Each structure stands twice: as C-alpha cells, then as structure tokens.
Amino acid sequence: MTRAFVFPGQGSQAVGMGQELAQSHAVAREVFEEVDEVLGQNLTRLMFEGPIEELTLTENAQPALMAVSMAVVRILEKDGNMDFAKTARFVAGHSLGEYSALTAAGALTLADAATLLKARGRAMQQAVPVGVGAMAALLGLDIGPVEEVVAEASAKSKNGEIVSTANDNADGQVVLSGHVGAVEAAIEIAKAKGVKKAMLLPVSAPFHCPLMQPAADEMEARLKDVAIAPPKVPLIANVTAREVSDPDTIRRLLVEQVTGRVRWRECVLYMGEQGVSELVELGAGKILTGMVRRINRDMTGSAIQTPAEIDAFLAKL
C-alpha cells in the first residue's frame, strides 16, 4: 500500500485539540511549549481551554492546527520509531496545512512554521476590511459549472467587484471567495443552475482570491528570509496539484497559494495516479478524510489525532 500524509486546514480547530496528546506524550508537550515560546503567547492554553471564538481567529487557528499536526508527527517518529520517508510517498496540506506538511517533511523548522503562520493569519485577516469580502460553499455543482457561475457573476459585477473559485475540495464541493456583492450574485446564479445548497460561510475574510494580494506580498517578504530545505518526500502543492521538492519553487508556490485556488480534488487525484492508495490525515479533525471517497473511490482515508489512533497506526506498519 502506497501512503501519503495529509494535513488539515482552517475549520478543523476545536477546543481541547491536542490535549490528550500532551497528557500522554512528552514530545507533544515539547512541540506545544516551543510554539508558545516562539510566538510569545500561551497558544496551548487557548487550544485546550478556548474560548472557541478566540481559537478560531485566523492568526491563532493557523499555528495551532500546525502544532497539533506536528505533535502527532513527533510522536510517530520519536516514540513510535517511524521512518517518515519510508512510510509516506508524498505530503500535502489544505491551505495552511501545506506549512504543516513541509514542517513534517523537514523543509521548515517548527519555529519558522509557527512564526510564518502567525504572520500569515494576521496578514490574511488585515488584507480586507471586515464586511467587504465573503466566502460561499456550493454543494452539488462540480468545478466546470462553478467556473461558468463565476464567469457570469464576474460579467455582471458592479464597480469591479470580483468573485473567484477559492477551493475545489471534492466533486460537488466548491468554495467561492471575493467581494460580498459578487459572491451573493454568484449564489443566485448557482441556484438557477441547480446547485443543491449554496451558503455563505462564517469566515472573517475572503481567502484564496485576488483580494488577498496584500497578504501574499507580506508572505513573500517574510519567506525571503526563511531557510527551506528539500523535503524528505515531495510536496503535492495546492496551486499546481503536482509534486515539488525544489526549495525556491516551494517558496514561490507558498506565496501564490495565498491568492490562488486550493486544488485539493486535483491533488488527491494526482496522488492516486502516482499509485497512492491510502491518505492518512495527521492532526485535528477529519475533514480531509471525509473527502477522500468522494474524490477517489479506490483510495482509503484515515485520521490520526489521538494516542489510541497513533498506536493503531503504528501497529499496522
């Protein structure tokens, strides 16, 4: 069985995440302590105790989700003696999860990943004033019809307002992003095209669209000074849905990712074409695991976020 490790993005956060790992494994506590120290913030307490409103703030959720993913990775490697490069063929992550994937594969240090994600979250939040942008999920339409919806809404938009495809998550699950008016217009057009469900998402900013350009500029400046090593296994990049190992290319794609579409469906399909038959989601939640069968019925998905799940996975190796 050929395996890939995948890493969750925003929306997977929950109060209490990582707490069981910290209670049972010293290496998990070390990950959380290092992230707290680097950020000068008691992020661990926020993860364990909440409130969820504060944990969900983009600048907190992004490093927190990475920390939980890395706690799982360190337990597998240090306590479970797992050889990362021999266990996985690829790594991939959904949006911020790409930073988790690169850290797990040794391309980024834990400290750099935490610092970058804190800055990324803050920059994405500040790029667009609250109330100006919106995101919407369209369920029951594939990417082709959604692109038609976007083109029609863009043609009718007023004052140069934009709407674009932010996430192609799975068959029949696409997310739009842009100005509120343009996104709302796209929802109405989608209804006329037979969408099963179209709903605005409770997010604080319109991620993965051209309105995020100020955040992309910020990340370009920050990434210039960060060392990126070749990953132990190739990364399947959100922007290209293809494998990449060259540090300079990774750096460029991390910048493009801020405004670009998360091509998750295509990433999973590509891994399947390369022989991957199992995706293992490391970290909080099971969102990516839930998408696997909708994208590729020949692929299995599982999630590892508790000590018991870690033990069960190691027992299979």
# chains A, B, ... in the order shown; residues from 1 in each chain; ligands from 1

$ residues_around --residues "Ile295 (chain A)" --least-positions-apart "6" --cutoff "9 Å" --atoms "only C-alpha atoms" --output "list in words"
Asn169, Ala170, Asp171, Arg265, Glu266, Val268 and Leu269 of chain A

$ residues_around --residues "region 105-117 of chain A" --least-positions-apart "4" --cutoff "6 Å" --atoms "only C-alpha atoms" --output "list in words"
Gln62, Pro63, Gly121, Ile228, Ala229, Pro230, Pro231 and Lys232 of chain A

$ closest_atom_pairs --of "region 183-248 of chain A" --to "region 44-59 of chain A" --cutoff "12 Å" --atoms "only C-alpha atoms" --output "JSON lines"
{"residue": "A:Pro202", "atom": "CA", "partner": "A:Thr56", "partner_atom": "CA", "distance": 10.6}
{"residue": "A:Val203", "atom": "CA", "partner": "A:Thr58", "partner_atom": "CA", "distance": 9.1}
{"residue": "A:Ser204", "atom": "CA", "partner": "A:Thr58", "partner_atom": "CA", "distance": 8.0}
{"residue": "A:Ala205", "atom": "CA", "partner": "A:Thr58", "partner_atom": "CA", "distance": 9.1}
{"residue": "A:Pro206", "atom": "CA", "partner": "A:Thr58", "partner_atom": "CA", "distance": 11.8}
{"residue": "A:Phe207", "atom": "CA", "partner": "A:Thr58", "partner_atom": "CA", "distance": 10.6}

$ atom_distance --atom1 "CA of Leu139 (chain A)" --atom2 "CA of Val292 (chain A)"
16.0 Å

$ select_by_dssp --residues "region 33-270 of chain A" --states "helix (DSSP H, G or I)" --output "PyMOL selection string"
chain A and resi 33-39+43-49+52-55+58-79+84-87+97-104+110-126+143-156+180-192+210-223+247-259+264-270

$ atom_distance --atom1 "CA of Arg251 (chain A)" --atom2 "CA of Glu281 (chain A)"
23.4 Å

$ closest_residue --among "A:Ala22, A:Ala134, A:Ala166, A:Val174" --to "Leu200 (chain A)" --atoms "only C-alpha atoms"
A:Ala134

$ closest_residue --among "A:Ala153, A:Leu254, A:Ala28, A:Leu288" --to "Met219 (chain A)" --atoms "only C-alpha atoms"
A:Leu254

$ select_by_dssp --residues "region 80-299 of chain A" --states "strand (DSSP E or B)" --output "count of residues only"
42

$ closest_residue --among "A:Ile236, A:Val258, A:Met291, A:Leu102" --to "Gly172 (chain A)" --atoms "only C-alpha atoms"
A:Met291

$ closest_residue --among "A:Ala216, A:Val15, A:Ile189, A:Ala4" --to "Arg252 (chain A)" --atoms "only C-alpha atoms"
A:Ala216

$ residues_around --residues "Lys191 (chain A)" --least-positions-apart "4" --cutoff "12 Å" --atoms "only C-alpha atoms" --output "PyMOL selection string"
chain A and resi 138-141+145-146+149+184-187+195-199

$ write_last_selection --atoms "all heavy atoms" --output "short mmCIF file (atom, residue, chain, number, x, y, z; two decimals), in the first residue's frame"
data_model
loop_
_atom_site.label_atom_id
_atom_site.label_comp_id
_atom_site.auth_asym_id
_atom_site.auth_seq_id
_atom_site.Cartn_x
_atom_site.Cartn_y
_atom_site.Cartn_z
N LEU A 138 -20.61 25.98 -2.43
CA LEU A 138 -21.60 25.50 -3.39
C LEU A 138 -21.55 23.97 -3.38
O LEU A 138 -20.50 23.38 -3.70
CB LEU A 138 -21.29 26.01 -4.80
CG LEU A 138 -21.23 27.54 -4.98
CD1 LEU A 138 -21.01 27.87 -6.46
CD2 LEU A 138 -22.49 28.22 -4.48
N LEU A 139 -22.63 23.34 -2.98
CA LEU A 139 -22.69 21.88 -2.89
C LEU A 139 -23.58 21.33 -4.00
O LEU A 139 -24.68 21.83 -4.22
CB LEU A 139 -23.23 21.45 -1.52
CG LEU A 139 -22.48 22.00 -0.31
CD1 LEU A 139 -23.10 21.48 0.99
CD2 LEU A 139 -21.00 21.64 -0.37
N GLY A 140 -23.06 20.33 -4.70
CA GLY A 140 -23.85 19.70 -5.75
C GLY A 140 -23.48 20.16 -7.15
O GLY A 140 -24.06 19.70 -8.13
N LEU A 141 -22.51 21.09 -7.25
CA LEU A 141 -22.00 21.50 -8.57
C LEU A 141 -20.51 21.20 -8.63
O LEU A 141 -19.78 21.49 -7.68
CB LEU A 141 -22.22 23.00 -8.81
CG LEU A 141 -23.63 23.51 -9.13
CD1 LEU A 141 -23.60 25.01 -9.38
CD2 LEU A 141 -24.23 22.79 -10.35
N PRO A 145 -19.19 23.62 -13.98
CA PRO A 145 -20.35 24.51 -13.84
C PRO A 145 -20.08 25.70 -12.91
O PRO A 145 -20.61 26.79 -13.15
CB PRO A 145 -21.43 23.59 -13.26
CG PRO A 145 -21.05 22.23 -13.72
CD PRO A 145 -19.55 22.21 -13.73
N VAL A 146 -19.28 25.49 -11.88
CA VAL A 146 -18.97 26.60 -10.96
C VAL A 146 -18.16 27.67 -11.68
O VAL A 146 -18.38 28.87 -11.48
CB VAL A 146 -18.23 26.10 -9.70
CG1 VAL A 146 -17.73 27.28 -8.88
CG2 VAL A 146 -19.14 25.23 -8.85
N VAL A 149 -20.51 29.76 -13.42
CA VAL A 149 -21.17 30.67 -12.47
C VAL A 149 -20.28 31.87 -12.19
O VAL A 149 -20.75 33.03 -12.21
CB VAL A 149 -21.49 29.92 -11.15
CG1 VAL A 149 -21.90 30.91 -10.05
CG2 VAL A 149 -22.58 28.88 -11.37
N GLU A 184 -22.57 36.98 -3.44
CA GLU A 184 -24.03 36.80 -3.31
C GLU A 184 -24.68 36.66 -4.69
O GLU A 184 -25.61 35.86 -4.87
CB GLU A 184 -24.63 37.97 -2.53
CG GLU A 184 -24.26 37.94 -1.06
CD GLU A 184 -24.78 39.14 -0.30
OE1 GLU A 184 -25.08 40.18 -0.94
OE2 GLU A 184 -24.89 39.06 0.94
N ALA A 185 -24.20 37.41 -5.67
CA ALA A 185 -24.72 37.29 -7.04
C ALA A 185 -24.42 35.90 -7.61
O ALA A 185 -25.27 35.30 -8.28
CB ALA A 185 -24.10 38.37 -7.93
N ALA A 186 -23.23 35.39 -7.31
CA ALA A 186 -22.86 34.05 -7.78
C ALA A 186 -23.76 32.98 -7.16
O ALA A 186 -24.13 32.01 -7.83
CB ALA A 186 -21.40 33.78 -7.45
N ILE A 187 -24.12 33.16 -5.90
CA ILE A 187 -25.02 32.21 -5.23
C ILE A 187 -26.36 32.15 -5.97
O ILE A 187 -26.90 31.06 -6.22
CB ILE A 187 -25.23 32.59 -3.75
CG1 ILE A 187 -23.96 32.30 -2.96
CG2 ILE A 187 -26.43 31.85 -3.15
CD1 ILE A 187 -24.02 32.75 -1.50
N VAL A 195 -27.78 24.13 -8.21
CA VAL A 195 -26.96 23.79 -7.05
C VAL A 195 -27.86 23.23 -5.94
O VAL A 195 -28.98 23.67 -5.73
CB VAL A 195 -26.18 25.04 -6.56
CG1 VAL A 195 -27.11 26.06 -5.91
CG2 VAL A 195 -25.07 24.64 -5.59
N LYS A 196 -27.37 22.21 -5.24
CA LYS A 196 -28.17 21.59 -4.17
C LYS A 196 -28.25 22.51 -2.95
O LYS A 196 -29.28 22.64 -2.31
CB LYS A 196 -27.57 20.24 -3.76
CG LYS A 196 -27.78 19.14 -4.79
CD LYS A 196 -27.19 17.83 -4.29
CE LYS A 196 -27.38 16.73 -5.33
NZ LYS A 196 -26.73 15.47 -4.89
N LYS A 197 -27.11 23.12 -2.63
CA LYS A 197 -27.06 24.01 -1.47
C LYS A 197 -26.00 25.06 -1.72
O LYS A 197 -24.91 24.76 -2.21
CB LYS A 197 -26.73 23.21 -0.20
CG LYS A 197 -26.92 23.98 1.09
CD LYS A 197 -26.74 23.05 2.29
CE LYS A 197 -27.06 23.77 3.60
NZ LYS A 197 -26.89 22.87 4.77
N ALA A 198 -26.33 26.31 -1.43
CA ALA A 198 -25.38 27.41 -1.57
C ALA A 198 -25.48 28.28 -0.33
O ALA A 198 -26.56 28.76 0.02
CB ALA A 198 -25.69 28.24 -2.81
N MET A 199 -24.36 28.42 0.37
CA MET A 199 -24.44 29.15 1.65
C MET A 199 -23.18 29.96 1.89
O MET A 199 -22.07 29.53 1.59
CB MET A 199 -24.64 28.16 2.79
CG MET A 199 -23.61 27.05 2.84
SD MET A 199 -24.03 25.77 4.01
CE MET A 199 -22.69 24.61 3.71
#
